[in-house]
$ cat coords.cif   # mmCIF, C-alpha atoms
data_query
#
loop_
_atom_site.group_PDB
_atom_site.id
_atom_site.type_symbol
_atom_site.label_atom_id
_atom_site.label_comp_id
_atom_site.auth_asym_id
_atom_site.auth_seq_id
_atom_site.Cartn_x
_atom_site.Cartn_y
_atom_site.Cartn_z
ATOM 1 C CA MET A 1 58.962 57.237 20.791
ATOM 2 C CA SER A 2 58.168 54.198 22.920
ATOM 3 C CA ARG A 3 54.459 54.912 22.781
ATOM 4 C CA LEU A 4 54.632 54.194 19.035
ATOM 5 C CA ARG A 5 54.973 50.533 19.990
ATOM 6 C CA GLN A 6 52.106 50.391 22.471
ATOM 7 C CA THR A 7 48.653 49.197 21.659
ATOM 8 C CA LEU A 8 45.764 51.153 23.119
ATOM 9 C CA PRO A 9 43.043 49.331 25.059
ATOM 10 C CA GLU A 10 40.173 48.355 22.781
ATOM 11 C CA ASN A 11 37.781 50.791 24.434
ATOM 12 C CA ALA A 12 40.162 53.751 24.064
ATOM 13 C CA LEU A 13 38.308 54.944 20.971
ATOM 14 C CA ASP A 14 34.564 55.325 20.701
ATOM 15 C CA ALA A 15 32.515 55.317 17.489
ATOM 16 C CA THR A 16 32.905 59.081 17.081
ATOM 17 C CA ASP A 17 36.696 58.839 17.391
ATOM 18 C CA ARG A 18 36.736 56.162 14.702
ATOM 19 C CA ALA A 19 34.518 58.242 12.443
ATOM 20 C CA ILE A 20 36.944 61.151 12.889
ATOM 21 C CA LEU A 21 39.952 58.992 11.959
ATOM 22 C CA ASN A 22 38.228 57.816 8.812
ATOM 23 C CA ALA A 23 36.815 61.193 7.803
ATOM 24 C CA LEU A 24 39.988 63.202 8.262
ATOM 25 C CA GLN A 25 42.168 61.164 5.919
ATOM 26 C CA GLU A 26 41.904 63.762 3.185
ATOM 27 C CA GLY A 27 40.122 66.914 2.142
ATOM 28 C CA PHE A 28 40.549 68.959 5.331
ATOM 29 C CA PRO A 29 39.061 72.395 4.568
ATOM 30 C CA LEU A 30 41.188 75.423 3.794
ATOM 31 C CA THR A 31 38.713 77.805 5.376
ATOM 32 C CA PRO A 32 39.106 80.202 8.317
ATOM 33 C CA GLN A 33 37.396 77.803 10.750
ATOM 34 C CA PRO A 34 38.220 74.403 9.264
ATOM 35 C CA PHE A 35 37.447 72.349 12.381
ATOM 36 C CA GLU A 36 33.974 73.866 12.480
ATOM 37 C CA ASP A 37 33.458 72.960 8.813
ATOM 38 C CA ALA A 38 34.972 69.462 9.054
ATOM 39 C CA GLY A 39 33.057 68.788 12.270
ATOM 40 C CA ALA A 40 29.715 69.664 10.697
ATOM 41 C CA ALA A 41 29.904 66.542 8.518
ATOM 42 C CA LEU A 42 30.445 64.473 11.667
ATOM 43 C CA GLY A 43 27.788 66.158 13.775
ATOM 44 C CA LEU A 44 30.399 67.813 15.985
ATOM 45 C CA ASP A 45 31.094 71.447 16.622
ATOM 46 C CA GLY A 46 34.605 72.740 16.050
ATOM 47 C CA ALA A 47 35.567 72.816 19.715
ATOM 48 C CA GLU A 48 34.526 69.215 20.222
ATOM 49 C CA LEU A 49 36.456 68.055 17.150
ATOM 50 C CA ILE A 50 39.558 69.901 18.373
ATOM 51 C CA ALA A 51 39.209 68.365 21.842
ATOM 52 C CA ARG A 52 38.892 64.873 20.394
ATOM 53 C CA LEU A 53 41.839 65.315 18.014
ATOM 54 C CA THR A 54 43.954 66.636 20.865
ATOM 55 C CA ARG A 55 43.095 63.591 22.941
ATOM 56 C CA LEU A 56 43.749 61.193 20.025
ATOM 57 C CA ARG A 57 47.149 62.796 19.598
ATOM 58 C CA ASP A 58 47.905 62.750 23.330
ATOM 59 C CA ILE A 59 47.078 59.058 23.696
ATOM 60 C CA GLY A 60 49.081 58.242 20.560
ATOM 61 C CA ALA A 61 46.190 57.077 18.361
ATOM 62 C CA ILE A 62 47.407 59.502 15.725
ATOM 63 C CA THR A 63 51.008 60.473 15.199
ATOM 64 C CA ARG A 64 50.262 63.719 13.431
ATOM 65 C CA PHE A 65 47.552 65.909 11.980
ATOM 66 C CA GLY A 66 48.420 68.268 9.172
ATOM 67 C CA PRO A 67 49.725 68.562 5.631
ATOM 68 C CA PHE A 68 51.458 65.598 3.997
ATOM 69 C CA PHE A 69 54.163 66.870 1.704
ATOM 70 C CA ASP A 70 55.468 65.269 -1.451
ATOM 71 C CA ALA A 71 59.245 65.231 -1.055
ATOM 72 C CA ALA A 72 59.791 64.974 -4.794
ATOM 73 C CA ALA A 73 57.530 67.956 -5.461
ATOM 74 C CA MET A 74 59.548 69.994 -2.972
ATOM 75 C CA GLY A 75 62.583 69.436 -5.190
ATOM 76 C CA GLY A 76 63.961 66.520 -3.227
ATOM 77 C CA ALA A 77 64.080 62.869 -4.053
ATOM 78 C CA PHE A 78 63.159 59.681 -2.321
ATOM 79 C CA CYS A 79 64.183 56.116 -2.998
ATOM 80 C CA LEU A 80 63.579 52.761 -1.377
ATOM 81 C CA CYS A 81 66.818 50.767 -1.405
ATOM 82 C CA ALA A 82 67.825 47.307 -0.286
ATOM 83 C CA LEU A 83 70.962 45.273 0.223
ATOM 84 C CA SER A 84 71.975 41.806 1.367
ATOM 85 C CA ALA A 85 74.148 42.030 4.456
ATOM 86 C CA PRO A 86 75.908 38.867 5.644
ATOM 87 C CA GLU A 87 74.245 37.820 8.923
ATOM 88 C CA GLU A 88 77.490 37.883 10.923
ATOM 89 C CA ASP A 89 78.285 41.384 9.690
ATOM 90 C CA PHE A 90 74.746 42.747 9.831
ATOM 91 C CA ASP A 91 75.100 45.246 12.684
ATOM 92 C CA ARG A 92 78.322 46.742 11.321
ATOM 93 C CA ILE A 93 76.717 47.197 7.891
ATOM 94 C CA ALA A 94 73.630 48.759 9.516
ATOM 95 C CA GLY A 95 75.937 51.247 11.240
ATOM 96 C CA LEU A 96 77.652 52.144 7.954
ATOM 97 C CA VAL A 97 74.264 52.717 6.309
ATOM 98 C CA ASN A 98 72.621 54.594 9.175
ATOM 99 C CA VAL A 99 75.449 57.077 9.632
ATOM 100 C CA HIS A 100 74.325 58.802 6.433
ATOM 101 C CA PRO A 101 71.834 61.589 7.220
ATOM 102 C CA GLU A 102 70.184 60.802 3.864
ATOM 103 C CA VAL A 103 68.949 57.494 5.331
ATOM 104 C CA ALA A 104 65.487 58.402 6.665
ATOM 105 C CA HIS A 105 64.581 54.965 7.921
ATOM 106 C CA ASN A 106 65.948 51.491 7.797
ATOM 107 C CA TYR A 107 64.337 48.127 8.570
ATOM 108 C CA ALA A 108 65.714 44.637 8.951
ATOM 109 C CA ARG A 109 63.496 42.231 7.008
ATOM 110 C CA ASP A 110 63.407 38.464 6.732
ATOM 111 C CA HIS A 111 64.548 37.952 3.134
ATOM 112 C CA ALA A 112 67.799 37.465 1.183
ATOM 113 C CA LEU A 113 67.622 41.241 0.742
ATOM 114 C CA ASN A 114 67.633 41.729 4.503
ATOM 115 C CA MET A 115 68.115 45.484 4.913
ATOM 116 C CA TRP A 116 65.602 47.976 3.462
ATOM 117 C CA PHE A 117 66.085 51.703 3.786
ATOM 118 C CA VAL A 118 64.743 54.924 2.335
ATOM 119 C CA LEU A 119 67.063 57.606 1.025
ATOM 120 C CA ALA A 120 65.796 61.199 1.051
ATOM 121 C CA THR A 121 67.997 63.776 -0.644
ATOM 122 C CA PRO A 122 67.530 67.429 -1.627
ATOM 123 C CA THR A 123 68.266 66.665 -5.296
ATOM 124 C CA PRO A 124 67.531 63.674 -7.564
ATOM 125 C CA GLU A 125 71.274 63.197 -8.158
ATOM 126 C CA GLY A 126 71.743 62.816 -4.406
ATOM 127 C CA ILE A 127 70.143 59.362 -4.447
ATOM 128 C CA ALA A 128 72.709 57.788 -6.771
ATOM 129 C CA GLU A 129 75.570 59.638 -5.044
ATOM 130 C CA THR A 130 74.560 58.363 -1.614
ATOM 131 C CA ALA A 131 73.933 54.837 -2.891
ATOM 132 C CA THR A 132 77.361 54.802 -4.542
ATOM 133 C CA ARG A 133 78.982 55.968 -1.324
ATOM 134 C CA ILE A 134 77.248 53.244 0.688
ATOM 135 C CA GLU A 135 78.354 50.662 -1.885
ATOM 136 C CA ALA A 136 81.961 51.828 -1.593
ATOM 137 C CA GLU A 137 81.854 51.753 2.213
ATOM 138 C CA THR A 138 80.119 48.397 2.563
ATOM 139 C CA GLY A 139 81.361 46.570 -0.527
ATOM 140 C CA LEU A 140 77.740 45.544 -1.154
ATOM 141 C CA THR A 141 75.388 46.316 -4.028
ATOM 142 C CA VAL A 142 72.657 48.821 -3.135
ATOM 143 C CA TRP A 143 69.564 47.971 -5.151
ATOM 144 C CA GLN A 144 67.356 50.976 -5.864
ATOM 145 C CA PHE A 145 63.585 50.691 -6.066
ATOM 146 C CA PRO A 146 62.235 54.193 -6.809
ATOM 147 C CA LYS A 147 58.466 54.466 -6.992
ATOM 148 C CA LEU A 148 57.158 54.491 -10.551
ATOM 149 C CA GLN A 149 53.529 54.949 -9.579
ATOM 150 C CA GLU A 150 51.697 55.348 -6.285
ATOM 151 C CA PHE A 151 48.206 54.167 -5.390
ATOM 152 C CA PHE A 152 46.822 55.835 -2.301
ATOM 153 C CA ILE A 153 43.592 55.290 -0.476
ATOM 154 C CA GLY A 154 43.511 55.911 3.246
ATOM 155 C CA PHE A 155 43.750 53.318 5.921
ATOM 156 C CA ARG A 156 40.370 52.713 7.531
ATOM 157 C CA VAL A 157 39.452 51.617 11.046
ATOM 158 C CA MET A 158 36.315 49.645 11.794
ATOM 159 C CA ALA A 159 33.587 52.227 12.377
ATOM 160 C CA MET B 1 57.891 71.989 -11.026
ATOM 161 C CA SER B 2 58.765 75.552 -10.110
ATOM 162 C CA LYS B 3 60.850 76.093 -7.020
ATOM 163 C CA LEU B 4 59.368 77.049 -3.693
ATOM 164 C CA ASP B 5 59.729 80.672 -2.713
ATOM 165 C CA PRO B 6 60.946 81.581 0.783
ATOM 166 C CA ILE B 7 57.414 82.133 2.084
ATOM 167 C CA ASP B 8 56.301 78.701 0.858
ATOM 168 C CA ARG B 9 59.326 77.175 2.547
ATOM 169 C CA SER B 10 58.555 78.941 5.817
ATOM 170 C CA LEU B 11 54.969 77.717 5.562
ATOM 171 C CA ILE B 12 56.117 74.132 5.069
ATOM 172 C CA LYS B 13 58.475 74.377 8.017
ATOM 173 C CA ALA B 14 55.761 75.847 10.204
ATOM 174 C CA THR B 15 53.322 73.036 9.415
ATOM 175 C CA GLN B 16 55.445 69.931 8.949
ATOM 176 C CA ALA B 17 55.056 68.974 12.604
ATOM 177 C CA GLY B 18 51.296 69.420 12.234
ATOM 178 C CA LEU B 19 48.542 72.033 12.136
ATOM 179 C CA PRO B 20 47.797 73.881 15.370
ATOM 180 C CA LEU B 21 44.687 72.367 16.972
ATOM 181 C CA THR B 22 42.937 75.672 17.486
ATOM 182 C CA ALA B 23 39.729 77.165 16.109
ATOM 183 C CA ARG B 24 41.563 79.249 13.499
ATOM 184 C CA PRO B 25 44.756 77.308 12.725
ATOM 185 C CA TYR B 26 45.609 79.265 9.587
ATOM 186 C CA ALA B 27 45.311 82.563 11.467
ATOM 187 C CA GLN B 28 47.633 81.106 14.118
ATOM 188 C CA ILE B 29 50.234 80.171 11.492
ATOM 189 C CA ALA B 30 49.812 83.622 9.957
ATOM 190 C CA THR B 31 50.829 85.298 13.220
ATOM 191 C CA TRP B 32 53.975 83.135 13.411
ATOM 192 C CA LEU B 33 55.026 84.072 9.880
ATOM 193 C CA MET B 34 53.737 87.650 9.871
ATOM 194 C CA LEU B 35 51.346 86.934 7.009
ATOM 195 C CA SER B 36 47.586 87.386 6.737
ATOM 196 C CA GLU B 37 45.233 84.461 7.310
ATOM 197 C CA ASP B 38 44.032 84.862 3.712
ATOM 198 C CA GLU B 39 47.543 84.539 2.382
ATOM 199 C CA VAL B 40 48.243 81.414 4.431
ATOM 200 C CA ILE B 41 45.068 79.801 3.111
ATOM 201 C CA ALA B 42 45.747 80.872 -0.479
ATOM 202 C CA ARG B 43 49.318 79.590 -0.370
ATOM 203 C CA LEU B 44 48.350 76.262 1.191
ATOM 204 C CA ALA B 45 45.681 75.871 -1.503
ATOM 205 C CA ALA B 46 48.258 76.628 -4.195
ATOM 206 C CA LEU B 47 50.710 74.115 -2.699
ATOM 207 C CA GLN B 48 47.927 71.545 -2.720
ATOM 208 C CA ASP B 49 47.085 72.317 -6.359
ATOM 209 C CA ARG B 50 50.746 71.887 -7.287
ATOM 210 C CA GLY B 51 50.870 68.506 -5.550
ATOM 211 C CA ILE B 52 53.431 69.662 -2.996
ATOM 212 C CA ILE B 53 50.829 69.125 -0.292
ATOM 213 C CA ARG B 54 49.277 65.764 -1.096
ATOM 214 C CA ARG B 55 46.548 66.068 1.485
ATOM 215 C CA ILE B 56 45.823 67.570 4.902
ATOM 216 C CA ALA B 57 44.944 64.647 7.095
ATOM 217 C CA VAL B 58 45.423 62.576 10.226
ATOM 218 C CA ALA B 59 48.245 60.037 10.347
ATOM 219 C CA PRO B 60 46.831 57.098 12.310
ATOM 220 C CA ASN B 61 49.269 55.169 14.479
ATOM 221 C CA HIS B 62 48.591 51.668 13.192
ATOM 222 C CA TYR B 63 50.356 50.030 16.060
ATOM 223 C CA ALA B 64 48.388 51.886 18.745
ATOM 224 C CA LEU B 65 45.171 51.044 16.911
ATOM 225 C CA GLY B 66 45.863 47.345 17.236
ATOM 226 C CA MET B 67 47.475 46.813 13.840
ATOM 227 C CA THR B 68 50.593 45.351 15.418
ATOM 228 C CA ALA B 69 51.609 43.200 12.464
ATOM 229 C CA ASN B 70 52.626 44.636 9.149
ATOM 230 C CA GLY B 71 54.168 42.960 6.184
ATOM 231 C CA MET B 72 55.631 44.399 3.010
ATOM 232 C CA SER B 73 53.846 42.266 0.445
ATOM 233 C CA VAL B 74 55.520 42.137 -2.953
ATOM 234 C CA TRP B 75 54.053 40.879 -6.193
ATOM 235 C CA ASP B 76 55.333 39.971 -9.628
ATOM 236 C CA VAL B 77 52.458 41.170 -11.769
ATOM 237 C CA HIS B 78 52.344 41.065 -15.566
ATOM 238 C CA ASP B 79 53.434 44.532 -16.768
ATOM 239 C CA ASP B 80 50.416 45.008 -19.020
ATOM 240 C CA HIS B 81 48.061 44.792 -16.044
ATOM 241 C CA ALA B 82 50.202 46.147 -13.222
ATOM 242 C CA ALA B 83 48.874 49.733 -13.162
ATOM 243 C CA ALA B 84 45.188 48.770 -13.266
ATOM 244 C CA LEU B 85 45.591 46.023 -10.682
ATOM 245 C CA GLY B 86 47.803 48.196 -8.476
ATOM 246 C CA ALA B 87 45.007 50.766 -8.342
ATOM 247 C CA GLN B 88 42.580 48.045 -7.183
ATOM 248 C CA VAL B 89 44.960 46.806 -4.497
ATOM 249 C CA GLY B 90 45.567 50.375 -3.330
ATOM 250 C CA GLN B 91 41.860 50.746 -2.645
ATOM 251 C CA LEU B 92 41.774 47.999 -0.033
ATOM 252 C CA ASP B 93 41.193 49.351 3.475
ATOM 253 C CA PHE B 94 44.113 47.467 4.997
ATOM 254 C CA VAL B 95 46.679 48.531 2.403
ATOM 255 C CA THR B 96 48.962 51.540 2.778
ATOM 256 C CA HIS B 97 51.987 52.473 0.734
ATOM 257 C CA CYS B 98 51.049 50.776 -2.516
ATOM 258 C CA TYR B 99 53.559 51.358 -5.317
ATOM 259 C CA LEU B 100 54.822 50.114 -8.644
ATOM 260 C CA ARG B 101 58.616 49.869 -8.581
ATOM 261 C CA PRO B 102 61.236 48.602 -11.023
ATOM 262 C CA ARG B 103 62.467 45.016 -10.941
ATOM 263 C CA ALA B 104 66.155 44.192 -10.430
ATOM 264 C CA PRO B 105 68.329 41.201 -11.361
ATOM 265 C CA VAL B 106 67.917 39.847 -7.824
ATOM 266 C CA TRP B 107 64.320 41.004 -7.457
ATOM 267 C CA ARG B 108 61.372 39.995 -9.622
ATOM 268 C CA TYR B 109 58.561 41.905 -7.861
ATOM 269 C CA ASN B 110 57.098 45.109 -9.321
ATOM 270 C CA LEU B 111 54.110 45.819 -7.030
ATOM 271 C CA PHE B 112 54.596 46.635 -3.342
ATOM 272 C CA ALA B 113 51.738 46.913 -0.830
ATOM 273 C CA MET B 114 52.133 47.353 2.918
ATOM 274 C CA LEU B 115 49.562 45.150 4.674
ATOM 275 C CA HIS B 116 48.405 45.895 8.208
ATOM 276 C CA GLY B 117 46.707 43.489 10.584
ATOM 277 C CA ALA B 118 46.269 42.595 14.223
ATOM 278 C CA SER B 119 48.439 39.497 13.755
ATOM 279 C CA ARG B 120 50.587 37.793 11.147
ATOM 280 C CA ALA B 121 47.725 35.387 10.559
ATOM 281 C CA GLU B 122 45.517 38.333 9.694
ATOM 282 C CA VAL B 123 48.174 39.761 7.381
ATOM 283 C CA GLU B 124 48.359 36.375 5.623
ATOM 284 C CA GLU B 125 44.587 36.369 5.245
ATOM 285 C CA LYS B 126 44.799 39.811 3.638
ATOM 286 C CA ARG B 127 47.555 38.593 1.349
ATOM 287 C CA ALA B 128 45.169 35.943 0.138
ATOM 288 C CA GLN B 129 42.617 38.649 -0.694
ATOM 289 C CA VAL B 130 45.219 40.533 -2.732
ATOM 290 C CA ARG B 131 46.146 37.293 -4.506
ATOM 291 C CA THR B 132 42.524 36.871 -5.553
ATOM 292 C CA ILE B 133 42.436 40.350 -7.040
ATOM 293 C CA LEU B 134 45.638 39.810 -9.011
ATOM 294 C CA GLY B 135 44.354 36.542 -10.459
ATOM 295 C CA ASP B 136 46.072 35.279 -13.590
ATOM 296 C CA ALA B 137 48.276 38.364 -13.890
ATOM 297 C CA LEU B 138 50.159 37.236 -10.772
ATOM 298 C CA ARG B 139 53.333 35.219 -11.410
ATOM 299 C CA ALA B 140 54.916 35.098 -7.940
ATOM 300 C CA ASP B 141 54.656 36.836 -4.590
ATOM 301 C CA ASP B 142 56.278 37.078 -1.196
ATOM 302 C CA VAL B 143 55.900 39.011 2.051
ATOM 303 C CA LEU B 144 58.714 40.569 4.046
ATOM 304 C CA TYR B 145 58.093 41.135 7.739
ATOM 305 C CA SER B 146 60.217 43.679 9.529
ATOM 306 C CA THR B 147 62.268 42.076 12.273
ATOM 307 C CA ARG B 148 63.873 45.246 13.621
ATOM 308 C CA ILE B 149 63.702 49.006 13.142
ATOM 309 C CA LEU B 150 67.318 50.003 12.489
ATOM 310 C CA LYS B 151 66.661 53.711 12.050
ATOM 311 C CA LYS B 152 63.612 55.950 11.973
ATOM 312 C CA THR B 153 63.691 59.704 11.538
ATOM 313 C CA GLY B 154 60.989 62.041 10.319
ATOM 314 C CA LEU B 155 61.310 63.517 6.873
ATOM 315 C CA ARG B 156 62.086 67.163 7.158
ATOM 316 C CA LEU B 157 62.506 69.981 4.693
ATOM 317 C CA GLN B 158 66.214 70.737 4.597
ATOM 318 C CA ASP B 159 67.613 74.216 5.033
ATOM 319 C CA GLY B 160 68.851 76.067 1.988
#
$ encode --input "coords.cif" --output "structure tokens"
Amino acid sequence: MSRLRQTLPENALDATDRAILNALQEGFPLTPQPFEDAGAALGLDGAELIARLTRLRDIGAITRFGPFFDAAAMGGAFCLCALSAPEEDFDRIAGLVNVHPEVAHNYARDHALNMWFVLATPTPEGIAETATRIEAETGLTVWQFPKLQEFFIGFRVMA
Amino acid sequence: MSKLDPIDRSLIKATQAGLPLTARPYAQIATWLMLSEDEVIARLAALQDRGIIRRIAVAPNHYALGMTANGMSVWDVHDDHAAALGAQVGQLDFVTHCYLRPRAPVWRYNLFAMLHGASRAEVEEKRAQVRTILGDALRADDVLYSTRILKKTGLRLQDG
């Protein structure tokens, strides 16, 4: 976990590594030898691409390589929520929020709405139920900000 | 959206930590689940067609790659233009997690875009670029920096 908060030395990645990070942001082949096929576009053979991905994972440059699932499409639901916790009571409120397994992550942010968390529940109804429970336990309003539309284009590193 | 059958669920569980980094990853998964390689590939393709798999890709670690500052930029954009402008903002290289969300009585912003940079100054510079794109449709904006991670767990398919 701690390595998530470490920055790699600037020379940790060479141009090929950066090209791999940019190329593998979508469209990985569903073919028997996908690394061979994906590597061809990068001028690498499959074994070399695998070796580089393994190293990128081991040094923490990537956190994961694989399918990204849509929680909503799997029948679950997802909702960004926020509340305003009084500063002096902030840690206690964070504890009351975090104890719910439905809270996937939670960040303190510098705003009047100072606590932002994501609820993930197996059913759509679970979002409102969990939010209502947190409101009852904290005495605070939980504002819900479900996504209405998503715009995705991958993050790019300087090649 | 039709429900997932037990084989789809086992496939999701087998791959949610990542694909095996081996020459024939789908054949490897097939041996774990006692399926054929062809079936694994066909089912993953079907899950992708149904939108359950959004993409098969690397997840870069922004922090390790030097993007140590990130700010949740939020924008009050005129509703008539929000979808078209959101799509333009989402295309910027330094933006991840770009969404339209509802407003609330205490919250006027409808467009959210996570901005990544090597420093807060760089994030602010990127904010200025987004501001230029939004032009006259922009009514107000703010950026919320995270001050602490209070909880972080991976999203996992639940049993049942």
$ residues_near_point --input "coords.cif" --point "(56.6, 40.7, -16.1)" --cutoff "9 Å" --atoms "all atoms listed in the file" --output "list in words"
Asp76, Val77, His78, Asp79, Asp80, Ala82, Arg103, Arg108, Tyr109, Asn110, Ala137 and Arg139 of chain B
$ interface_residues --input "coords.cif" --of "chain A" --to "chain B" --cutoff "6 Å" --atoms "only C-alpha atoms" --output "VMD selection string"
chain A and resid 6 to 8 24 to 26 28 30 32 to 33 50 61 to 70 73 104 to 110 145 to 153 155 to 156
$ write_last_selection --input "coords.cif" --atoms "C-alpha atoms" --output "tab-separated table (two decimals), in the frame of the given file"
chain	number	residue	atom	x	y	z
A	6	GLN	CA	52.11	50.39	22.47
A	7	THR	CA	48.65	49.20	21.66
A	8	LEU	CA	45.76	51.15	23.12
A	24	LEU	CA	39.99	63.20	8.26
A	25	GLN	CA	42.17	61.16	5.92
A	26	GLU	CA	41.90	63.76	3.18
A	28	PHE	CA	40.55	68.96	5.33
A	30	LEU	CA	41.19	75.42	3.79
A	32	PRO	CA	39.11	80.20	8.32
A	33	GLN	CA	37.40	77.80	10.75
A	50	ILE	CA	39.56	69.90	18.37
A	61	ALA	CA	46.19	57.08	18.36
A	62	ILE	CA	47.41	59.50	15.72
A	63	THR	CA	51.01	60.47	15.20
A	64	ARG	CA	50.26	63.72	13.43
A	65	PHE	CA	47.55	65.91	11.98
A	66	GLY	CA	48.42	68.27	9.17
A	67	PRO	CA	49.72	68.56	5.63
A	68	PHE	CA	51.46	65.60	4.00
A	69	PHE	CA	54.16	66.87	1.70
A	70	ASP	CA	55.47	65.27	-1.45
A	73	ALA	CA	57.53	67.96	-5.46
A	104	ALA	CA	65.49	58.40	6.66
A	105	HIS	CA	64.58	54.96	7.92
A	106	ASN	CA	65.95	51.49	7.80
A	107	TYR	CA	64.34	48.13	8.57
A	108	ALA	CA	65.71	44.64	8.95
A	109	ARG	CA	63.50	42.23	7.01
A	110	ASP	CA	63.41	38.46	6.73
A	145	PHE	CA	63.58	50.69	-6.07
A	146	PRO	CA	62.24	54.19	-6.81
A	147	LYS	CA	58.47	54.47	-6.99
A	148	LEU	CA	57.16	54.49	-10.55
A	149	GLN	CA	53.53	54.95	-9.58
A	150	GLU	CA	51.70	55.35	-6.28
A	151	PHE	CA	48.21	54.17	-5.39
A	152	PHE	CA	46.82	55.84	-2.30
A	153	ILE	CA	43.59	55.29	-0.48
A	155	PHE	CA	43.75	53.32	5.92
A	156	ARG	CA	40.37	52.71	7.53
$ residues_around --input "coords.cif" --residues "region 74-91 of chain A" --least-positions-apart "4" --cutoff "6 Å" --atoms "only C-alpha atoms" --output "PyMOL selection string"
chain A and resi 113-124+142-146
$ atom_distance --input "coords.cif" --atom1 "CA of Gly139 (chain A)" --atom2 "CA of Asn98 (chain A)"
15.3 Å
$ atom_distance --input "coords.cif" --atom1 "CA of Asp45 (chain A)" --atom2 "CA of Gly27 (chain A)"
17.7 Å
$ resolve_selection --input "coords.cif" --expression "the PyMOL selection byres ((chain B and resi 120-133) around 7)" --output "number ranges by chain"
B: 69-71, 89, 115-119, 134-135
$ atom_distance --input "coords.cif" --atom1 "CA of Gly126 (chain A)" --atom2 "CA of Val97 (chain A)"
14.9 Å
